Structures are given as structure tokens and as C-alpha cells.
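Printed here is final.txt (compact mmCIF, C-alpha atoms and all ligand atoms):
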```
# COMPACT_ATOMS: atom_id res chain seq x y z
CA MET L 1013 118.61 10.69 -107.36
CA MET L 1014 118.20 9.43 -110.89
CA PRO L 1015 118.91 11.72 -113.83
CA MET L 1016 116.07 14.02 -114.72
CA ILE L 1017 115.08 14.54 -118.31
CA SER L 1018 113.18 17.73 -118.80
CA ALA L 1019 110.44 18.50 -121.26
CA CYS L 1020 111.44 18.43 -124.90
CA MET L 1021 110.36 22.03 -125.48
CA GLY L 1022 112.52 24.59 -124.55
CA THR L 1023 98.88 25.19 -107.13
CA SER L 1024 94.75 23.30 -100.87
CA ALA L 1025 92.41 25.86 -100.55
CA GLN L 1026 89.55 26.52 -102.83
CA GLN L 1027 88.02 29.93 -102.65
CA ILE L 1028 84.32 30.17 -102.16
CA ALA L 1029 82.92 33.66 -101.86
CA ILE L 1030 79.66 34.13 -100.10
CA THR L 1031 77.47 36.04 -102.49
CA ALA L 1032 75.00 37.53 -100.01
CA THR L 1033 76.46 39.52 -97.14
CA PRO L 1034 74.54 38.70 -93.94
CA ALA L 1035 73.25 41.54 -91.80
CA ALA L 1036 75.30 42.49 -88.75
CA GLY L 1037 74.61 40.10 -85.91
CA ALA L 1038 73.73 37.23 -88.22
CA THR L 1039 75.46 33.85 -88.05
CA VAL L 1040 77.09 32.30 -91.07
CA GLU L 1041 76.87 28.53 -90.97
CA PHE L 1042 78.97 25.94 -92.75
CA THR L 1043 79.21 22.17 -92.61
CA LEU L 1044 82.50 20.32 -93.07
CA LYS L 1045 82.88 16.57 -93.25
CA THR L 1046 86.15 14.64 -92.98
CA VAL L 1047 87.21 12.42 -95.85
CA ALA L 1048 90.07 9.95 -96.40
CA ASP L 1049 90.60 8.87 -99.98
CA ASP L 1050 93.33 8.39 -102.56
CA LYS L 1051 94.04 12.13 -102.52
CA GLY L 1052 94.74 12.03 -98.80
CA LEU L 1053 92.76 13.55 -95.95
CA ALA L 1054 90.56 16.62 -96.26
CA PHE L 1055 87.65 18.60 -94.98
CA VAL L 1056 84.88 18.55 -97.59
CA GLY L 1057 82.08 21.12 -97.68
CA VAL L 1058 78.49 19.90 -97.29
CA GLY L 1059 75.65 21.97 -98.74
CA GLY L 1060 75.54 25.51 -100.06
CA THR L 1061 78.25 26.98 -102.23
CA ILE L 1062 80.94 24.78 -100.67
CA ASP L 1063 79.17 21.47 -101.36
CA GLY L 1064 81.71 18.83 -102.38
CA VAL L 1065 84.65 21.26 -102.31
CA ARG L 1066 87.81 19.98 -100.59
CA ASN L 1067 89.14 22.29 -97.91
CA PRO L 1068 86.84 25.13 -98.99
CA THR L 1069 87.77 28.67 -98.10
CA LEU L 1070 85.13 29.89 -95.67
CA SER L 1071 84.49 33.55 -96.45
CA VAL L 1072 82.70 35.69 -93.88
CA PRO L 1073 82.28 39.40 -93.22
CA THR L 1074 84.05 40.92 -90.22
CA GLY L 1075 82.13 40.81 -86.94
CA THR L 1076 79.81 38.01 -87.98
CA ALA L 1077 79.45 34.87 -85.86
CA VAL L 1078 80.65 31.72 -87.61
CA LYS L 1079 79.11 28.35 -86.87
CA VAL L 1080 80.77 25.28 -88.31
CA ASN L 1081 79.10 21.88 -88.10
CA PHE L 1082 81.75 19.18 -88.10
CA LEU L 1083 81.02 15.63 -89.20
CA ASP L 1084 83.22 12.54 -89.12
CA GLY L 1085 82.93 11.03 -92.58
CA ASP L 1086 85.82 8.55 -92.55
CA GLY L 1087 85.72 7.03 -89.03
CA SER L 1088 89.08 8.26 -87.75
CA GLN L 1089 89.71 10.70 -84.92
CA HIS L 1090 89.95 14.28 -86.17
CA ASN L 1091 89.57 17.80 -84.97
CA LEU L 1092 88.77 21.10 -86.63
CA SER L 1093 90.84 23.94 -85.21
CA PHE L 1094 90.87 27.67 -85.85
CA PRO L 1095 93.91 28.48 -83.67
CA ASP L 1096 93.70 32.22 -84.36
CA PHE L 1097 90.34 32.24 -82.61
CA ASN L 1098 90.89 29.51 -79.98
CA ALA L 1099 88.07 27.52 -81.52
CA THR L 1100 88.26 23.76 -81.86
CA ALA L 1101 85.94 20.77 -82.12
CA ALA L 1102 86.73 17.06 -82.21
CA VAL L 1103 85.10 13.89 -83.51
CA ASN L 1104 86.15 10.35 -82.70
CA LYS L 1105 84.13 7.92 -84.76
CA LYS L 1106 82.19 7.55 -87.98
CA ASP L 1107 79.16 9.84 -88.34
CA GLU L 1108 79.83 11.61 -85.06
CA GLN L 1109 78.83 15.25 -85.35
CA THR L 1110 79.63 18.35 -83.35
CA SER L 1111 79.86 22.06 -83.97
CA LEU L 1112 81.76 25.15 -82.93
CA THR L 1113 80.84 28.82 -82.97
CA PHE L 1114 83.05 31.86 -82.70
CA THR L 1115 83.14 35.48 -83.84
CA PRO L 1116 86.34 36.54 -85.60
CA GLY L 1117 87.39 39.92 -84.31
CA LYS L 1118 89.93 40.65 -86.99
CA ALA L 1119 90.03 40.65 -90.78
CA GLY L 1120 92.42 38.56 -92.83
CA ASN L 1121 93.04 34.98 -93.94
CA PHE L 1122 93.44 32.34 -91.24
CA ASP L 1123 94.19 28.65 -91.46
CA TYR L 1124 91.93 25.94 -90.17
CA PHE L 1125 93.27 22.41 -89.87
CA CYS L 1126 93.31 19.16 -87.92
CA THR L 1127 95.97 19.24 -85.18
CA ILE L 1128 96.39 15.46 -84.96
CA ALA L 1129 99.95 14.58 -85.93
CA GLY L 1130 100.35 14.27 -89.68
CA HIS L 1131 96.76 15.15 -90.61
CA LYS L 1132 97.46 18.71 -91.71
CA GLN L 1133 100.34 17.47 -93.87
CA ALA L 1134 98.05 14.81 -95.33
CA GLY L 1135 95.71 17.52 -96.57
CA MET L 1136 93.47 18.70 -93.72
CA LEU L 1137 94.16 22.40 -94.18
CA GLY L 1138 91.91 25.20 -95.36
CA GLN L 1139 91.36 28.89 -94.87
CA LEU L 1140 88.90 31.20 -93.20
CA SER L 1141 88.73 34.51 -95.02
CA VAL L 1142 87.37 37.28 -92.82
CA GLY L 1143 86.30 40.65 -94.15
CA THR L 1144 86.91 39.92 -97.79
CA ALA L 1145 83.48 38.68 -98.86
CA GLY L 1146 81.72 41.33 -100.91
CA THR L 1147 84.81 43.52 -101.13
CA THR L 1148 87.14 41.20 -103.04
CA PRO L 1149 85.03 39.14 -105.43
CA GLY L 1150 87.91 36.77 -106.03
CA ALA L 1151 87.27 33.99 -108.45
CA THR L 1152 87.04 30.53 -106.95
CA ALA L 1153 87.76 27.03 -108.20
CA ASP L 1154 89.19 23.65 -107.22
CA ASP L 1155 92.71 23.20 -105.91
CA ILE L 1156 94.68 22.19 -108.98
CA ALA L 1157 97.92 21.06 -107.31
CA HIS L 1158 98.90 17.41 -107.37
CA LEU L 1159 99.71 16.49 -103.76
CA PRO L 1160 103.52 16.19 -103.71
CA SER L 1161 103.25 13.16 -101.42
CA ASP L 1162 100.86 11.36 -103.79
CA ILE L 1163 103.25 8.85 -105.35
CA PRO L 1164 102.71 5.11 -105.96
CA ALA L 1165 104.60 2.78 -103.62
CA PRO L 1166 108.11 1.69 -104.62
CA ILE L 1167 108.26 -1.37 -106.89
CA GLY L 1168 111.48 -2.83 -105.55
CA GLN L 1169 112.02 -6.53 -106.18
CA ARG L 1170 109.76 -8.07 -108.77
CA ASP L 1171 110.01 -9.42 -112.29
CA PRO L 1172 108.83 -7.42 -115.30
CA GLN L 1173 105.10 -7.60 -115.89
CA THR L 1174 102.34 -5.92 -117.84
CA VAL L 1175 101.05 -2.75 -116.21
CA ARG L 1176 97.88 -0.93 -117.21
CA VAL L 1177 97.83 2.86 -116.78
CA ASP L 1178 94.58 4.81 -117.18
CA LEU L 1179 94.73 8.54 -117.76
CA ALA L 1180 91.80 10.87 -118.33
CA ILE L 1181 91.85 14.36 -119.75
CA VAL L 1182 90.23 16.95 -117.48
CA GLU L 1183 89.78 20.53 -118.70
CA LYS L 1184 88.81 22.51 -115.63
CA GLU L 1185 88.89 25.74 -113.71
CA GLY L 1186 91.58 25.74 -111.06
CA GLN L 1187 92.81 28.07 -108.37
CA LEU L 1188 95.98 29.76 -109.63
CA ASP L 1189 96.26 32.06 -106.61
CA ASP L 1190 93.99 33.45 -103.92
CA GLY L 1191 91.06 35.00 -105.77
CA THR L 1192 92.56 34.08 -109.12
CA THR L 1193 91.47 31.23 -111.39
CA TYR L 1194 92.63 29.79 -114.68
CA THR L 1195 91.30 27.24 -117.14
CA TYR L 1196 93.77 24.35 -116.89
CA TRP L 1197 94.02 21.34 -119.15
CA THR L 1198 95.20 18.36 -117.13
CA PHE L 1199 95.83 14.64 -116.89
CA ASN L 1200 93.40 13.38 -114.21
CA GLY L 1201 92.51 16.82 -112.90
CA THR L 1202 95.77 17.92 -111.29
CA VAL L 1203 99.04 19.64 -112.20
CA PRO L 1204 101.25 17.77 -112.64
CA GLY L 1205 99.32 14.67 -113.70
CA PRO L 1206 99.64 11.30 -111.97
CA PHE L 1207 103.10 9.98 -111.13
CA ILE L 1208 103.45 6.79 -113.18
CA ARG L 1209 105.75 4.15 -111.67
CA VAL L 1210 106.86 1.05 -113.55
CA ARG L 1211 109.84 -1.30 -113.68
CA GLU L 1212 112.51 -1.63 -116.34
CA GLY L 1213 111.26 -4.29 -118.75
CA ASP L 1214 107.58 -3.79 -117.89
CA THR L 1215 105.08 -3.73 -120.73
CA VAL L 1216 102.90 -0.67 -120.22
CA GLU L 1217 99.39 -0.56 -121.64
CA LEU L 1218 98.47 3.10 -121.59
CA HIS L 1219 94.87 4.25 -121.97
CA LEU L 1220 93.97 7.89 -122.53
CA LYS L 1221 90.35 8.99 -122.36
CA ASN L 1222 89.13 12.40 -123.48
CA PRO L 1223 85.57 13.08 -122.27
CA ALA L 1224 82.90 14.26 -124.70
CA ASP L 1225 82.62 17.66 -123.01
CA SER L 1226 86.28 18.52 -123.64
CA LYS L 1227 86.88 21.40 -126.02
CA MET L 1228 90.18 20.14 -127.44
CA THR L 1229 91.88 17.06 -128.82
CA HIS L 1230 94.69 15.96 -126.49
CA SER L 1231 97.45 13.37 -126.50
CA ILE L 1232 100.41 11.96 -124.62
CA ASP L 1233 104.13 11.88 -125.37
CA LEU L 1234 106.16 9.94 -122.79
CA HIS L 1235 109.91 10.43 -122.91
CA ALA L 1236 110.26 6.90 -121.53
CA VAL L 1237 108.94 5.57 -124.85
CA ASN L 1238 111.28 4.58 -127.67
CA GLY L 1239 109.08 5.27 -130.64
CA PRO L 1240 107.51 7.99 -132.80
CA GLY L 1241 106.54 11.01 -130.71
CA GLY L 1242 106.84 9.03 -127.50
CA GLY L 1243 103.45 7.60 -128.40
CA ALA L 1244 101.91 10.87 -129.54
CA THR L 1245 101.63 9.80 -133.18
CA VAL L 1246 99.08 7.12 -132.24
CA MET L 1247 97.57 8.85 -129.22
CA GLN L 1248 95.78 11.94 -130.55
CA VAL L 1249 92.45 11.60 -128.76
CA ALA L 1250 89.47 13.73 -129.81
CA PRO L 1251 86.70 14.66 -127.35
CA GLY L 1252 84.56 11.58 -126.66
CA GLU L 1253 87.31 9.14 -127.67
CA GLU L 1254 89.56 6.74 -125.79
CA LYS L 1255 92.76 5.36 -127.27
CA GLN L 1256 95.47 3.03 -126.03
CA PHE L 1257 98.93 1.95 -126.98
CA THR L 1258 101.48 -0.43 -125.53
CA PHE L 1259 105.18 0.11 -125.01
CA LYS L 1260 108.03 -1.62 -123.27
CA ALA L 1261 109.94 0.45 -120.71
CA LEU L 1262 113.48 -0.22 -121.92
CA SER L 1263 115.50 2.39 -120.04
CA PRO L 1264 115.42 3.01 -116.30
CA GLY L 1265 115.14 6.68 -115.41
CA LEU L 1266 112.83 9.52 -114.56
CA PHE L 1267 111.05 10.96 -117.58
CA VAL L 1268 108.60 13.73 -118.35
CA TYR L 1269 105.37 13.03 -120.17
CA HIS L 1270 103.20 15.74 -121.69
CA CYS L 1271 100.46 16.45 -124.16
CA ALA L 1272 101.80 16.76 -127.70
CA THR L 1273 98.87 18.20 -129.59
CA PRO L 1274 99.58 21.42 -131.53
CA SER L 1275 100.20 23.97 -130.35
CA VAL L 1276 102.18 21.73 -128.03
CA ALA L 1277 103.59 24.62 -126.01
CA HIS L 1278 100.07 25.89 -125.37
CA HIS L 1279 98.89 22.51 -124.07
CA MET L 1280 101.88 22.29 -121.77
CA ALA L 1281 101.43 25.84 -120.49
CA GLN L 1282 97.88 24.81 -119.56
CA GLY L 1283 99.29 22.15 -117.22
CA MET L 1284 99.48 19.03 -119.36
CA TYR L 1285 102.58 17.34 -118.00
CA GLY L 1286 103.64 14.76 -115.46
CA MET L 1287 106.38 12.19 -114.87
CA ILE L 1288 106.97 8.49 -115.30
CA LEU L 1289 109.60 6.68 -113.25
CA VAL L 1290 111.06 3.52 -114.72
CA GLU L 1291 112.72 1.80 -111.77
CA PRO L 1292 115.85 -0.24 -112.47
CA ALA L 1293 115.76 -3.98 -111.75
CA GLY L 1294 115.91 -4.35 -107.97
CA GLY L 1295 114.40 -0.93 -107.37
CA LEU L 1296 115.70 2.19 -105.66
CA ALA L 1297 117.12 2.51 -102.16
CA LEU L 1298 114.31 2.97 -99.67
CA VAL L 1299 113.87 6.43 -98.16
CA ASP L 1300 111.58 7.91 -95.50
CA HIS L 1301 109.77 10.29 -97.84
CA GLU L 1302 109.32 10.65 -101.57
CA TYR L 1303 107.91 13.82 -103.09
CA TYR L 1304 106.83 14.79 -106.58
CA VAL L 1305 107.39 18.34 -107.78
CA MET L 1306 107.15 19.89 -111.23
CA GLN L 1307 107.80 23.41 -112.38
CA GLY L 1308 105.72 25.10 -115.05
CA ASP L 1309 105.49 28.54 -116.63
CA MET L 1310 102.18 30.24 -117.37
CA TYR L 1311 101.17 33.09 -119.64
CA THR L 1312 98.21 35.35 -119.02
CA SER L 1313 96.79 38.46 -120.67
CA GLN L 1314 96.31 40.05 -117.25
CA THR L 1315 99.25 41.21 -115.14
CA PHE L 1316 100.70 39.18 -112.29
CA GLY L 1317 98.49 39.33 -109.20
CA THR L 1318 95.25 40.25 -110.98
CA LYS L 1319 92.17 38.89 -109.21
CA GLY L 1320 89.43 37.06 -111.08
CA HIS L 1321 89.72 34.71 -114.03
CA LEU L 1322 92.89 35.01 -116.11
CA ASP L 1323 93.12 34.24 -119.83
CA PHE L 1324 95.89 32.47 -121.71
CA ASN L 1325 98.06 34.75 -123.85
CA SER L 1326 99.77 33.12 -126.82
CA ALA L 1327 101.95 36.12 -127.72
CA GLU L 1328 103.45 36.20 -124.22
CA MET L 1329 104.16 32.47 -124.47
CA MET L 1330 105.89 32.80 -127.85
CA ALA L 1331 107.93 35.69 -126.42
CA GLU L 1332 108.83 33.50 -123.41
CA GLN L 1333 107.61 36.12 -120.97
CA ALA L 1334 105.96 34.19 -118.18
CA THR L 1335 103.41 35.83 -115.92
CA TYR L 1336 103.64 32.99 -113.39
CA ILE L 1337 106.23 30.30 -112.71
CA VAL L 1338 104.78 27.72 -110.36
CA PHE L 1339 105.49 24.43 -108.66
CA ASN L 1340 102.61 21.95 -108.93
CA GLY L 1341 100.40 24.30 -110.86
CA GLU L 1342 99.56 27.11 -108.48
CA VAL L 1343 100.96 29.84 -106.29
CA GLY L 1344 101.79 28.51 -102.83
CA ALA L 1345 101.30 24.84 -103.71
CA LEU L 1346 104.39 23.72 -101.79
CA THR L 1347 104.60 26.50 -99.22
CA THR L 1348 101.22 27.23 -97.67
CA LYS L 1349 99.04 24.50 -99.15
CA HIS L 1350 100.96 21.22 -99.36
CA PRO L 1351 104.38 21.71 -97.72
CA LEU L 1352 107.00 18.98 -97.98
CA THR L 1353 107.83 17.84 -94.47
CA ALA L 1354 110.45 15.63 -92.84
CA LYS L 1355 111.91 15.10 -89.41
CA VAL L 1356 115.57 15.73 -88.64
CA GLY L 1357 117.66 12.79 -89.83
CA GLU L 1358 115.07 11.37 -92.24
CA THR L 1359 115.90 10.67 -95.84
CA VAL L 1360 113.94 12.41 -98.59
CA ARG L 1361 113.82 11.79 -102.33
CA ILE L 1362 112.33 14.48 -104.54
CA PHE L 1363 111.33 13.55 -108.06
CA PHE L 1364 111.66 16.86 -109.84
CA GLY L 1365 110.69 17.73 -113.38
CA ASN L 1366 110.04 20.72 -115.54
CA GLY L 1367 106.82 20.90 -117.57
CA GLY L 1368 107.85 24.18 -119.16
CA PRO L 1369 107.07 24.97 -121.87
CA ASN L 1370 109.77 27.64 -121.95
CA TYR L 1371 111.77 28.13 -118.79
CA THR L 1372 114.61 26.08 -117.42
CA SER L 1373 114.68 25.58 -113.68
CA SER L 1374 117.71 27.56 -112.57
CA ALA L 1375 118.73 30.76 -110.90
CA ARG L 1376 118.63 32.46 -114.27
CA SER L 1377 115.03 31.61 -114.96
CA TRP L 1378 114.01 32.82 -111.53
CA THR L 1379 115.84 36.07 -112.04
CA ARG L 1380 114.03 36.54 -115.30
CA CYS L 1381 110.73 35.78 -113.62
CA THR L 1382 111.31 38.31 -110.89
CA THR L 1383 112.24 40.94 -113.40
CA ARG L 1384 109.22 40.11 -115.46
CA ASP L 1385 106.91 40.26 -112.46
CA ARG L 1386 108.16 43.72 -111.73
CA LEU L 1387 107.52 44.75 -115.31
CA HIS L 1388 104.01 43.35 -115.12
CA ARG L 1389 103.29 45.22 -111.94
CA ARG L 1390 104.59 48.45 -113.40
CA ARG L 1391 102.46 48.29 -116.51
CU CU L 1401 96.47 18.67 -124.59
```
Could you take the file, read its structure, and then write that structure out as C-alpha cells?
Amino acid sequence: MMPMISACMGTSAQQIAITATPAAGATVEFTLKTVADDKGLAFVGVGGTIDGVRNPTLSVPTGTAVKVNFLDGDGSQHNLSFPDFNATAAVNKKDEQTSLTFTPGKAGNFDYFCTIAGHKQAGMLGQLSVGTAGTTPGATADDIAHLPSDIPAPIGQRDPQTVRVDLAIVEKEGQLDDGTTYTYWTFNGTVPGPFIRVREGDTVELHLKNPADSKMTHSIDLHAVNGPGGGATVMQVAPGEEKQFTFKALSPGLFVYHCATPSVAHHMAQGMYGMILVEPAGGLALVDHEYYVMQGDMYTSQTFGTKGHLDFNSAEMMAEQATYIVFNGEVGALTTKHPLTAKVGETVRIFFGNGGPNYTSSARSWTRCTTRDRLHRRR
């Protein structure tokens, strides 16, 4: 693997709670549609509180019948399986629709997914939450994790050229943990932001757009840039503005980029980091899988594990006392939601970076985190 340069300083299941609890004997109905897009595969909610949500958490009371309408939105073969309840339905072609009905007899959180080889790993995984609606009013928001498999294709053999990169600021609510949300600031809506892949000698034209409804000015500092602030001196972008600058990627390597608008540490703790790979001439050796993982530390006023919406806490950040240390922005991003998979004998390359702002990625930092978590719980 290429050398990793860490930041200069120092988490797919959305939760949707059903608001009205149906009477005993009622049926709760949902509609899920398959989608295949640049984020991978997913089930997307249609109608009601789950409309447009990828892999929505379906929350139902215990003992209530669940009906799920299942629609093929992308034209490939898929199925929708709730293995804990022996319920499954399949579709084979575009716009084909079917449904399944079952009555969960036990409370808890259960996975639903497509059992076709590779589809779950590509993103078709969500949760059914039984018996929690109305009792745990957990906050709900979009999955914030960047899919670890979402990496541009290798560049390999080609001459240097001009490459345009478009980034957009997205300030949004995201799911930090089950029932727990946080207001993230992001590049393109995920943590980490997009994986940028160029070649040594490429001229990179980087555009950064900050929408008018943003609350903050944001910027970008790429450690692959030889120049003032890694670009940040000319790339402070106020809400409603778009700016661009051009740089030449002189040094091959894997570099962090991040927002560098004061307080820089605050912007990074909100999730504003990503990586840029500058491939050497001739490219990297081909492997079977490439994955993209970044660590980040987060600081909240509420203790670890609190349900609901958590607020940023500046004092905790300045004291370097993280409430959460996460991979790809949320609890469980790489374990339950988007696991990294490989078959025996395959080769895997992991591009790993640390968005910070405070913690290194080492045994020591994890020990500190564990200790801190215990302190938080004890408070
Ligand atoms: Cu920022």
C-alpha cells in the first residue's frame, strides 16, 4: 500500500419511526422499490414516512401484521427476504410487483436483504424494528456512511491529462447510531467525502459549490496540493457561491483532504474530510477489491449511547475527549451496514485515512476511547 498521510491536525439503515401506533390486529404496509445507481444497489421506500429513503428501517409494533409491497425499479432480478420470519418475495424484471405479508412474533431488530449473490454487499440491506415504535422515539435520518466499495476505477496506463472534480457541500442530518442523529457537514453528502483518483502529472480543476441554504462557509485543503493551504486560501466558499482552482498533482501518494475553514477542527469533526489518490505513472498493481475507510472522532454534549439528536460540543473537542470514534462516519458502518468482503485467496487494498481532528489511529487512541466511553456512561 502507498504511504498514508493523515490529517494535518492533530456511519445502511435509516431509522424511520412510525408515529401512530396501529391498533392490535391492524396491518402495517410499506412499499420498497429496488434501485441501482452510483451508490450501489438499495431498497428505496415509496410513499409515507419512508418515501425516498434508502434501505429504510421499517418500524412496527409487536404482534402487528406487516405487508411489504415489492417493486422492481432497476430491471434486475432481486428478492426481499426477512430470514428471521421465513418471508421472501422475488421480482425478475422492470416494474414487476409482488408483496409479502407476515406477523413478527418477537421483538427486536432484524435484517432484511436481497439474497442474490453480492446484492447485500452492494447495499441491499435494511432493518425491521419490531416492538420499538412508540417506546423508543429514536431520531431518524439518512445513512451518512460513504460506501467503502465506492471508489473510482484504477487509472493504470495513460498519459497525464486535465481532470475536472466537482464537489458540493452538504450540511445534513445523518444517522450516527440506531436512534441517534447528528448534524454532519460533508462533501457530497457522505462521510468521508468522495474518493478522488488522479494520475501523477494530471492537472486537476477542482470545483467546490456551497448551496444557498448552507449555514456556514466551507472550503477545501488537499494535502496533494503544493501551494498555500492546499488550496484553502483561494477556496473559502460562502453559502450560495461556487469557486474553483487548478493544481498539478506533482507527487504520487494517498492524501487527506478536508475543510479548512475556522474553526478547522470543528469542520473536520463534523465529517468534512476525504482522500485523494495520486497514482504513479503506470498505475498500481491490480487487486480483486479496493476499499475506502476513514476514521474520525466526534464530540457531543450528550453521553455516548444517548438516543435522539446529539449536539456538537466544542469544549470536549478542545479537550480531545471524543464521545464517538467512527469509521466512515457512523457506528456500525463497516460491521453491520457496509461490511468489507472478500473470498479466500483474493487480494484486497484498503485506502485508509484519518479525518481526526484529534485522535491518531492506533491501539492507544482506542484505549483512550474505551476509557472515555466508560466515563461517559458513568456520568
Ligand atoms: Cu467546512
Between L:Lys1051, L:Lys1227, L:His1090, L:Arg1170, single out the one closest to ligand CU 1401 (chain L), counting only C-alpha atoms and all ligand atoms.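 Residue with the minimum atom-to-atom distance to ligand CU 1401 (chain L): L:Lys1227.
Going from CA of Asp1162 (chain L) over to CA of Gly1205 (chain L), you cover 10.6 Å.
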Test item: residues lying within 7 Å of ligand CU 1401 (chain L) with only C-alpha atoms and all ligand atoms, as a PyMOL selection string: chain L and resi 1197+1229-1231+1271-1273+1279+1284
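Distances to Thr1039 (chain L) were evaluated for L:Phe1114, L:Phe1339, L:Phe1363, L:Phe1267 using only C-alpha atoms, and the minimum falls at L:Phe1114.
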Closest atom pairs, residues of region 1283-1354 of chain L within 9 Å of region 1234-1255 of chain L, all atoms listed in the file, as JSON lines:
```
{"residue": "L:Met1287", "atom": "CA", "partner": "L:Leu1234", "partner_atom": "CA", "distance": 8.2}
{"residue": "L:Ile1288", "atom": "CA", "partner": "L:Ala1236", "partner_atom": "CA", "distance": 7.2}
{"residue": "L:Leu1289", "atom": "CA", "partner": "L:Ala1236", "partner_atom": "CA", "distance": 8.3}
{"residue": "L:Val1290", "atom": "CA", "partner": "L:Ala1236", "partner_atom": "CA", "distance": 7.6}
```
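The gap separating CA of Glu1212 (chain L) from CA of Val1175 (chain L) is 11.5 Å, in Å to one decimal.
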Atom-to-atom span, CA of Arg1209 (chain L) and CA of Ala1293 (chain L), Å: 12.9 Å
Would you mind telling me which residue in L:Asn1098, L:Asn1104, L:Thr1115, L:Ser1093 lies nearest to Gly1138 (chain L) when using only C-alpha atoms?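 Under the stated criterion, the closest residue is L:Ser1093.
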Please list as a ChimeraX atom specification every residue within 8 Å of Asp1178 (chain L), counting only C-alpha atoms and excluding residues in the same chain fewer than 2 positions away. /L:1176,1180,1218-1221
Once you have the residues from the selection above, write them out as a CSV table (one decimal), keeping the file's coordinate frame, restricted to C-alpha atoms.
```csv
chain,number,residue,atom,x,y,z
L,1176,ARG,CA,97.9,-0.9,-117.2
L,1180,ALA,CA,91.8,10.9,-118.3
L,1218,LEU,CA,98.5,3.1,-121.6
L,1219,HIS,CA,94.9,4.2,-122.0
L,1220,LEU,CA,94.0,7.9,-122.5
L,1221,LYS,CA,90.4,9.0,-122.4
```
Residues at most 7 Å from His1321 (chain L), counting only C-alpha atoms, excluding those fewer than 3 positions away in the same chain, as a compact mmCIF listing (two decimals) with C-alpha atoms, in the coordinates of the input?
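Everything below was put into selection-v5.txt:
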```txt
# COMPACT_ATOMS: atom_id res chain seq x y z
CA ALA L 1151 87.27 33.99 -108.45
CA THR L 1192 92.56 34.08 -109.12
CA THR L 1193 91.47 31.23 -111.39
CA TYR L 1194 92.63 29.79 -114.68
```
Considering only C-alpha atoms, return as a VMD selection string whatever protein or nucleic-acid residues lie within 9 Å of Phe1094 (chain L), sequence-local ones (same chain, fewer than 4 positions apart) excluded. chain L and resid 1098 to 1100 1122 to 1125 1140
Between L:Phe1042, L:Phe1207, L:Phe1097, L:Phe1259, single out the one closest to Val1072 (chain L), counting all atoms listed in the file. L:Phe1042
Could you name the residues that touch Arg1361 (chain L) at 12 Å or less, counting all atoms listed in the file, but leaving out those on the same chain fewer than 3 positions away, as an NGL selection string? :L and (1013-1014 or 1160-1161 or 1163 or 1166 or 1296-1305 or 1352-1354 or 1358 or 1364)
Please return, as a list in words, all polymer residues that have at least one atom within 8 Å of the point (101.8, 16.6, -115.0); use all atoms listed in the file and the file's own coordinate frame.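 I get Thr1198, Phe1199, Thr1202, Val1203, Pro1204, Gly1205, Pro1206, Phe1207, Tyr1269, His1270, Gly1283, Met1284, Tyr1285, Gly1286, Met1287, Met1306 and Gly1367 of chain L for the residues within 8 Å of that point.
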Would you list the residues near (82.3, 14.7, -89.9), meaning any protein, DNA or RNA residue with an atom at most 8 Å from that point in file coordinates, counting all atoms listed in the file, as a list of chain:residue names? L:Leu1044, L:Lys1045, L:Thr1046, L:Phe1082, L:Leu1083, L:Asp1084, L:Gly1085, L:Asp1086, L:Val1103, L:Lys1106, L:Asp1107, L:Glu1108, L:Gln1109, L:Thr1110
Surrounding residues of Phe1324 (chain L) excluding itself and chain neighbours under 5 positions, 9 Å, all atoms listed in the file, as an mmCIF file with C-alpha atoms, in the coordinates of the input:
```
data_model
loop_
_atom_site.group_PDB
_atom_site.id
_atom_site.type_symbol
_atom_site.label_atom_id
_atom_site.label_comp_id
_atom_site.auth_asym_id
_atom_site.auth_seq_id
_atom_site.Cartn_x
_atom_site.Cartn_y
_atom_site.Cartn_z
ATOM 1 C CA TYR L 1194 92.630 29.790 -114.680
ATOM 2 C CA THR L 1195 91.300 27.240 -117.140
ATOM 3 C CA HIS L 1278 100.070 25.890 -125.370
ATOM 4 C CA ALA L 1281 101.430 25.840 -120.490
ATOM 5 C CA GLN L 1282 97.880 24.810 -119.560
ATOM 6 C CA MET L 1310 102.180 30.240 -117.370
ATOM 7 C CA TYR L 1311 101.170 33.090 -119.640
ATOM 8 C CA THR L 1312 98.210 35.350 -119.020
ATOM 9 C CA SER L 1313 96.790 38.460 -120.670
ATOM 10 C CA GLN L 1314 96.310 40.050 -117.250
ATOM 11 C CA MET L 1329 104.160 32.470 -124.470
#
```
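Distance check against Leu1137 (chain L) using only C-alpha atoms: of L:Thr1258, L:Gln1307, L:Thr1348, L:Gln1187, the minimum falls on L:Thr1348.
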